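Dumped upload34.cif below, it's mmCIF, C-alpha atoms and all ligand atoms:
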```
data_coords
#
loop_
_atom_site.label_atom_id
_atom_site.label_comp_id
_atom_site.auth_asym_id
_atom_site.auth_seq_id
_atom_site.Cartn_x
_atom_site.Cartn_y
_atom_site.Cartn_z
CA MET A 86 24.28 -13.12 3.79
CA ALA A 87 23.32 -10.12 5.94
CA LYS A 88 20.75 -10.30 8.74
CA LYS A 89 17.21 -10.61 7.34
CA ILE A 90 14.66 -7.87 7.85
CA ASN A 91 11.10 -8.83 8.78
CA ILE A 92 8.46 -7.52 6.46
CA GLY A 93 4.68 -7.53 6.46
CA THR A 94 2.69 -7.24 3.25
CA LEU A 95 -0.74 -5.84 2.40
CA ILE A 96 -2.56 -6.65 -0.83
CA SER A 97 -5.94 -6.19 -2.49
CA GLY A 98 -5.81 -8.49 -5.49
CA GLY A 99 -3.84 -10.89 -7.63
CA GLY A 100 -0.59 -10.39 -5.78
CA THR A 101 1.92 -10.70 -8.61
CA ASN A 102 4.17 -8.20 -6.81
CA LEU A 103 3.77 -10.25 -3.64
CA GLN A 104 4.83 -13.31 -5.65
CA ALA A 105 7.93 -11.46 -6.93
CA ILE A 106 8.86 -10.64 -3.32
CA ILE A 107 8.14 -14.21 -2.13
CA ASP A 108 10.40 -15.55 -4.89
CA ALA A 109 13.16 -13.03 -4.12
CA CYS A 110 13.08 -14.03 -0.41
CA ARG A 111 13.07 -17.74 -1.28
CA ASP A 112 16.04 -17.41 -3.64
CA ASN A 113 17.97 -15.25 -1.14
CA ARG A 114 18.07 -12.41 -3.64
CA ILE A 115 16.93 -10.11 -0.82
CA ASP A 116 17.68 -10.22 2.90
CA ALA A 117 14.06 -10.32 3.96
CA LYS A 118 11.43 -12.64 5.39
CA ILE A 119 7.67 -12.12 4.95
CA LEU A 120 5.83 -12.58 8.25
CA PHE A 121 2.28 -11.98 7.05
CA THR A 122 0.03 -11.00 4.17
CA GLY A 123 -3.13 -9.03 4.95
CA SER A 124 -5.88 -8.20 2.48
CA ASP A 125 -8.71 -5.66 2.47
CA THR A 126 -10.70 -8.01 0.22
CA PRO A 127 -11.66 -11.63 0.92
CA GLY A 128 -10.95 -14.37 -1.61
CA VAL A 129 -8.22 -12.69 -3.66
CA LYS A 130 -5.54 -14.74 -5.39
CA GLY A 131 -2.71 -13.03 -3.51
CA LEU A 132 -3.91 -14.67 -0.28
CA GLU A 133 -3.56 -18.08 -1.92
CA ARG A 134 -0.02 -17.24 -3.04
CA ALA A 135 0.91 -16.44 0.59
CA LYS A 136 -0.83 -19.50 2.08
CA LYS A 137 0.88 -21.77 -0.43
CA VAL A 138 4.28 -20.92 1.06
CA GLY A 139 3.13 -20.94 4.69
CA ILE A 140 2.86 -17.17 5.25
CA ASP A 141 0.25 -16.10 7.85
CA THR A 142 -2.72 -14.33 6.29
CA PHE A 143 -5.60 -12.19 7.52
CA ILE A 144 -8.47 -10.21 6.02
CA VAL A 145 -9.87 -6.86 7.08
CA ASP A 146 -12.95 -6.50 4.92
CA TYR A 147 -12.97 -2.75 4.18
CA SER A 148 -16.12 -2.81 2.02
CA LYS A 149 -18.11 -4.47 4.79
CA ILE A 150 -16.75 -2.07 7.42
CA ILE A 151 -17.50 1.02 5.32
CA ARG A 152 -21.03 -0.28 4.56
CA SER A 153 -21.69 -0.70 8.23
CA CYS A 154 -20.26 2.79 9.00
CA LYS A 155 -22.82 4.23 6.57
CA LYS A 156 -25.54 3.16 9.03
CA GLY A 157 -23.96 5.58 11.52
CA ILE A 158 -20.74 5.95 13.45
CA ASN A 159 -20.86 6.69 17.12
CA LYS A 160 -18.07 7.13 19.63
CA LYS A 161 -18.05 3.51 20.73
CA HIS A 162 -17.19 2.38 17.19
CA LEU A 163 -14.10 4.60 17.00
CA PRO A 164 -10.67 3.54 18.30
CA LYS A 165 -10.19 4.87 21.85
CA ASP A 166 -7.09 6.81 20.80
CA PHE A 167 -8.72 8.41 17.71
CA ASN A 168 -8.57 12.20 17.68
CA LEU A 169 -10.36 13.73 14.69
CA GLU A 170 -8.84 17.21 15.12
CA GLU A 171 -5.35 15.77 15.12
CA ILE A 172 -5.97 13.61 12.02
CA LEU A 173 -7.63 16.56 10.22
CA SER A 174 -4.61 18.74 10.87
CA LYS A 175 -2.24 16.14 9.39
CA GLN A 176 -4.15 14.51 6.55
CA GLN A 177 -3.52 15.48 2.92
CA LEU A 178 -5.82 12.88 1.36
CA VAL A 179 -9.20 14.57 1.20
CA GLU A 180 -9.59 17.56 -1.15
CA THR A 181 -10.32 20.91 0.48
CA HIS A 182 -13.63 21.19 -1.44
CA ALA A 183 -15.05 18.12 0.34
CA SER A 184 -17.62 18.98 3.00
CA LYS A 185 -16.68 18.77 6.68
CA GLU A 186 -19.11 15.85 7.11
CA GLN A 187 -17.72 13.92 4.14
CA THR A 188 -14.17 14.40 5.37
CA ALA A 189 -15.05 13.35 8.91
CA PHE A 190 -16.90 10.26 7.65
CA PHE A 191 -13.97 9.29 5.44
CA LEU A 192 -11.39 9.63 8.20
CA LYS A 193 -13.51 7.95 10.87
CA SER A 194 -14.57 4.98 8.76
CA ARG A 195 -10.99 4.40 7.59
CA ALA A 196 -9.66 4.64 11.16
CA ILE A 197 -12.15 1.97 12.25
CA ALA A 198 -10.80 -0.35 9.56
CA GLU A 199 -7.21 0.69 10.28
CA LYS A 200 -7.55 -0.13 13.98
CA ILE A 201 -8.43 -3.71 13.01
CA LEU A 202 -5.49 -3.81 10.59
CA LEU A 203 -3.21 -2.55 13.37
CA ASP A 204 -4.51 -5.19 15.79
CA HIS A 205 -3.28 -7.82 13.34
CA ILE A 206 -0.05 -6.10 12.29
CA LEU A 207 1.21 -5.13 15.74
CA ASP A 208 1.21 -8.79 16.76
CA TYR A 209 4.30 -9.07 14.57
CA ASN A 210 7.65 -7.39 14.93
CA ILE A 211 8.22 -5.95 11.47
CA ASP A 212 10.94 -3.66 10.16
CA LEU A 213 8.97 -2.70 7.06
CA LEU A 214 5.37 -2.78 5.84
CA VAL A 215 5.14 -3.40 2.10
CA LEU A 216 1.99 -2.38 0.19
CA ALA A 217 1.90 -4.74 -2.79
CA GLY A 218 -1.14 -3.63 -4.76
CA PHE A 219 -3.03 -2.50 -1.64
CA MET A 220 -5.76 -0.27 -3.05
CA ARG A 221 -6.66 1.69 0.10
CA VAL A 222 -5.18 4.97 1.24
CA LEU A 223 -3.83 5.00 4.79
CA THR A 224 -4.66 7.88 7.11
CA PRO A 225 -2.34 9.53 9.65
CA TYR A 226 -4.11 7.45 12.34
CA PHE A 227 -2.55 4.28 10.88
CA ILE A 228 0.69 5.79 9.63
CA ASP A 229 1.64 7.28 13.01
CA ARG A 230 1.18 3.90 14.68
CA ILE A 231 3.60 2.22 12.27
CA ASN A 232 6.09 5.08 11.85
CA THR A 233 6.86 5.46 15.52
CA VAL A 234 10.39 6.84 15.13
CA PRO A 235 10.32 10.45 13.91
CA GLY A 236 11.78 10.84 10.42
CA LYS A 237 11.93 7.07 9.81
CA TYR A 238 9.56 5.80 7.16
CA LYS A 239 8.46 2.18 7.53
CA ILE A 240 5.71 1.83 4.91
CA MET A 241 6.62 1.26 1.26
CA ASN A 242 4.28 1.33 -1.74
CA ILE A 243 4.49 0.54 -5.44
CA HIS A 244 2.69 2.82 -7.86
CA PRO A 245 2.02 2.08 -11.55
CA ALA A 246 3.31 5.38 -12.96
CA LEU A 247 6.35 7.63 -12.91
CA LEU A 248 5.45 9.80 -9.91
CA PRO A 249 4.83 12.65 -9.43
CA SER A 250 2.85 12.10 -12.67
CA PHE A 251 -0.44 10.24 -12.39
CA PRO A 252 -0.97 9.59 -8.68
CA GLY A 253 -4.25 7.86 -7.75
CA THR A 254 -5.91 4.59 -8.56
CA ASP A 255 -5.22 4.08 -12.28
CA GLY A 256 -1.60 4.94 -13.07
CA TYR A 257 -1.27 2.82 -16.23
CA GLY A 258 -4.72 3.90 -17.47
CA ASP A 259 -3.83 7.57 -16.97
CA THR A 260 -0.45 7.05 -18.71
CA PHE A 261 -2.24 5.41 -21.68
CA ARG A 262 -5.01 8.01 -21.98
CA TYR A 263 -2.53 10.92 -21.83
CA GLY A 264 -0.69 9.44 -24.81
CA CYS A 265 2.66 9.13 -23.00
CA LYS A 266 5.55 7.59 -24.94
CA ILE A 267 7.28 6.50 -21.75
CA GLY A 268 5.56 4.72 -18.87
CA GLY A 269 6.94 3.43 -15.63
CA CYS A 270 6.52 2.47 -12.01
CA THR A 271 7.66 3.99 -8.74
CA VAL A 272 8.42 2.61 -5.29
CA HIS A 273 8.07 5.24 -2.59
CA PHE A 274 7.53 5.62 1.12
CA ILE A 275 4.05 6.45 2.38
CA ASP A 276 3.48 9.87 3.91
CA TYR A 277 0.26 11.75 4.70
CA GLY A 278 -0.59 12.47 1.05
CA GLU A 279 -1.70 10.20 -1.80
CA ASP A 280 1.41 8.87 -3.58
CA THR A 281 3.47 11.87 -2.43
CA GLY A 282 6.11 10.25 -0.19
CA PRO A 283 9.87 10.11 -0.86
CA ILE A 284 10.80 8.10 -3.96
CA ILE A 285 13.04 5.05 -3.44
CA GLY A 286 13.26 3.76 -7.02
CA GLN A 287 11.73 3.98 -10.48
CA LYS A 288 11.81 1.99 -13.70
CA ALA A 289 10.64 3.17 -17.12
CA PHE A 290 9.64 1.49 -20.38
CA GLU A 291 8.90 2.69 -23.90
CA ILE A 292 5.35 2.80 -25.20
CA ALA A 293 4.94 2.07 -28.92
CA ASP A 294 2.34 3.97 -30.93
CA ASP A 295 0.16 0.87 -31.28
CA ASP A 296 0.48 -0.33 -27.65
CA THR A 297 -2.85 -0.99 -25.96
CA LEU A 298 -3.58 -0.43 -22.28
CA ASP A 299 -3.01 -4.16 -21.75
CA ASP A 300 0.42 -3.89 -23.39
CA ILE A 301 1.30 -1.03 -21.02
CA LYS A 302 0.12 -3.02 -17.98
CA ARG A 303 2.13 -6.04 -19.10
CA LYS A 304 5.31 -4.03 -19.66
CA GLY A 305 4.78 -2.13 -16.42
CA LEU A 306 4.19 -5.16 -14.20
CA LYS A 307 7.35 -6.79 -15.52
CA LYS A 308 9.28 -3.71 -14.38
CA GLU A 309 7.46 -3.69 -11.01
CA TRP A 310 8.54 -7.27 -10.27
CA GLU A 311 12.20 -6.22 -10.69
CA LEU A 312 11.89 -2.89 -8.93
CA TYR A 313 10.10 -3.90 -5.70
CA PRO A 314 12.61 -6.52 -4.48
CA HIS A 315 15.44 -4.12 -5.41
CA CYS A 316 13.92 -1.34 -3.26
CA ILE A 317 13.28 -3.68 -0.33
CA GLN A 318 16.94 -4.70 -0.46
CA LYS A 319 17.94 -1.04 -0.57
CA PHE A 320 15.95 -0.55 2.67
CA ALA A 321 17.51 -3.66 4.26
CA ASP A 322 21.00 -2.36 3.39
CA CYS A 323 20.29 0.85 5.31
CA LEU A 324 19.08 -0.81 8.53
C1 LIG B 1 0.20 -3.07 -9.56
O1 LIG B 1 0.22 -2.60 -10.87
C2 LIG B 1 0.51 -1.95 -8.59
O2 LIG B 1 1.44 -1.03 -9.08
C3 LIG B 1 -0.84 -1.30 -8.42
O3 LIG B 1 -1.75 -2.38 -8.38
C4 LIG B 1 -1.24 -3.46 -9.14
C5 LIG B 1 -1.26 -4.68 -8.27
O4 LIG B 1 -0.93 -5.83 -9.00
N1 LIG B 1 -0.91 -0.52 -7.23
C6 LIG B 1 -1.60 0.61 -7.13
O5 LIG B 1 -2.23 1.08 -8.05
C7 LIG B 1 -1.53 1.27 -5.77
N2 LIG B 1 -2.22 2.51 -5.79
P1 LIG B 1 -0.58 -7.18 -8.25
O6 LIG B 1 -1.74 -7.46 -7.27
O7 LIG B 1 -0.55 -8.20 -9.34
O8 LIG B 1 0.72 -7.01 -7.54
#
```
Conversion result in structure tokens:
Amino acid sequence: MAKKINIGTLISGGGTNLQAIIDACRDNRIDAKILFTGSDTPGVKGLERAKKVGIDTFIVDYSKIIRSCKKGINKKHLPKDFNLEEILSKQQLVETHASKEQTAFFLKSRAIAEKILLDHILDYNIDLLVLAGFMRVLTPYFIDRINTVPGKYKIMNIHPALLPSFPGTDGYGDTFRYGCKIGGCTVHFIDYGEDTGPIIGQKAFEIADDDTLDDIKRKGLKKEWELYPHCIQKFADCL
């Protein structure tokens, strides 16, 4: 067995992908150890899955943070090393038609949440951060503090569609509504755009004419549980 890589995981919900990775680590199917599971939402089942096997957990309650930002953000709320001009010049998340104020609010409020995430994450020495159903975009403020070696990506994500088709929050829904006959999932690295980073692996499945959205989700998740551990091992093999 090769040396194990240390991974951190972020989730927002049920955590079936997290469970697939936990199982793959436990069975030595991948050379990896999970050091923590963080969630943007309190009380989700994925946190229980982590706790059950003794993985450290933490919560950064994004909804609460964003609600409180809506009352007003002043300089003392922002991370000391936050530079709006720099983040604006790098970010590819907010559409160009959004107003300057909307864009600034989005980037500032997310950076406030991301600083708290970083305070948790940087306590650990991880080789890779794995987004396992984490339903928040990450801004350059966060990404640059994880990807500290130029050209080396350290954040991996799973997306429920065959990218570059159907980026965004509802990959299987978009696949279903478009009437696709093939669906799939993609594991990719995170860059400054939404679901635009380099692709590590993909798996596809056939969609029958009478498949419902639930059928597509079921077929897709089954593929995700195979694909994610495989891609993590691919990363470990390259370290
Ligand atoms: C998965 O289908 C994953 O691809 C998707 O959320 C689901 C999480 O399920 N992720 C995204 O849409 C990311 N934008 P899980 O909590 O059971 O692993």
Exercise for the section: Considering only C-alpha atoms, return as a PyMOL selection string whatever protein or nucleic-acid residues lie within 7 Å of stretch 218-230 of chain A, sequence-local ones (same chain, fewer than 6 positions apart) excluded. Expected result: chain A and resi 95-98+100+172+175-176+196+199+277+279
Practice task
Between A:Gly269, A:Gly128, A:Gly286, A:Pro245, single out the one closest to ligand LIG 1 (chain B), counting only C-alpha atoms and all ligand atoms.
Solution key: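 Looking only at the distances to ligand LIG 1 (chain B), the closest residue turns out to be A:Pro245.
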Practice task
Counting all atoms listed in the file, figure out which residue out of A:Lys304, A:Ile206, A:Lys185, A:Gln177 gets nearest to A:Thr281.
Solution key: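 Looking at the shortest contact to A:Thr281, the residue is A:Gln177.
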Practice task
Check which residues fall inside 9 Å of ligand LIG 1 (chain B) when counting only C-alpha atoms and all ligand atoms, and print them as number ranges by chain.
Solution key: A: 96-105, 130-131, 216-222, 242-246, 252-257, 270-272, 279-280, 302, 305-306, 309-310
Handout entry: Neighbour list for A:Asp204 as a PyMOL selection string, cut-off 12 Å, only C-alpha atoms, skip fewer than 2 positions in-chain
Key = chain A and resi 123+143-145+164+197-202+206-209+227+230-231
Practice task
Rank A:Leu173, A:Ile211, A:Ile275, A:Ala321 by their smallest atom-to-atom distance to A:Ala189, using all atoms listed in the file, and report the top residue only.
Solution key: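 Residue with the minimum atom-to-atom distance to A:Ala189: A:Leu173.
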Handout entry: Top pick for closest residue to A:Glu171, considering A:Ala293, A:Gln318, A:Pro235, A:Leu192 and counting only C-alpha atoms
Key = A:Leu192
Problem - Distance of atom CA of A:Gly236 from atom CA of A:Ile90, expressed in Å to one decimal place - result: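 We find that atom CA of A:Ile90 and atom CA of A:Gly236 lie 19.1 Å from each other.
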Completion exercise
Nearest to A:Asp112, restricted to all atoms listed in the file and choosing among A:Leu324, A:Cys265, A:Phe191, A:Pro314, comes out as A:Pro314
Practice task
Using atom CA of A:Asp212 and atom CA of A:Lys193 as the two end points, give the distance in Å to one decimal.
Solution key: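 Straight-line distance from atom CA of A:Asp212 to atom CA of A:Lys193 works out to 27.1 Å.
Closest approach to A:Ile292 from the set A:Lys156, A:His273, A:His315, A:Lys266 is made by A:Lys266, with distances taken over all atoms listed in the file.
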Exercise for the section: Find the distance between atom CA of A:Lys319 and atom CA of A:Phe274 and write it in Å to one decimal. Expected result: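 The value is 12.5 Å.
Look at everything within 8 Å of (-11.8, -0.5, 3.2) using all atoms listed in the file, and the residues you get are Asp125, Val145, Asp146, Tyr147, Ser148, Lys149, Ile150, Ile151, Arg195, Ala198 and Arg221 of chain A.
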Emit as lines of an AutoDock Vina configuration file the padded axis-aligned box for all listed atoms of stretch 227-238 of chain A, 5 Å per side, with centre and edge lengths in Å to one decimal.
```
center_x = 4.7
center_y = 6.5
center_z = 11.3
size_x = 24.5
size_y = 18.6
size_z = 18.4
```
Practice task
Within 12 Å of (16.8, -2.1, -22.1) (coordinates as in the file), grab all the protein and nucleic acid residues, counting all atoms listed in the file, and write them out as a ChimeraX atom specification.
Solution key: /A:288-291,304,308
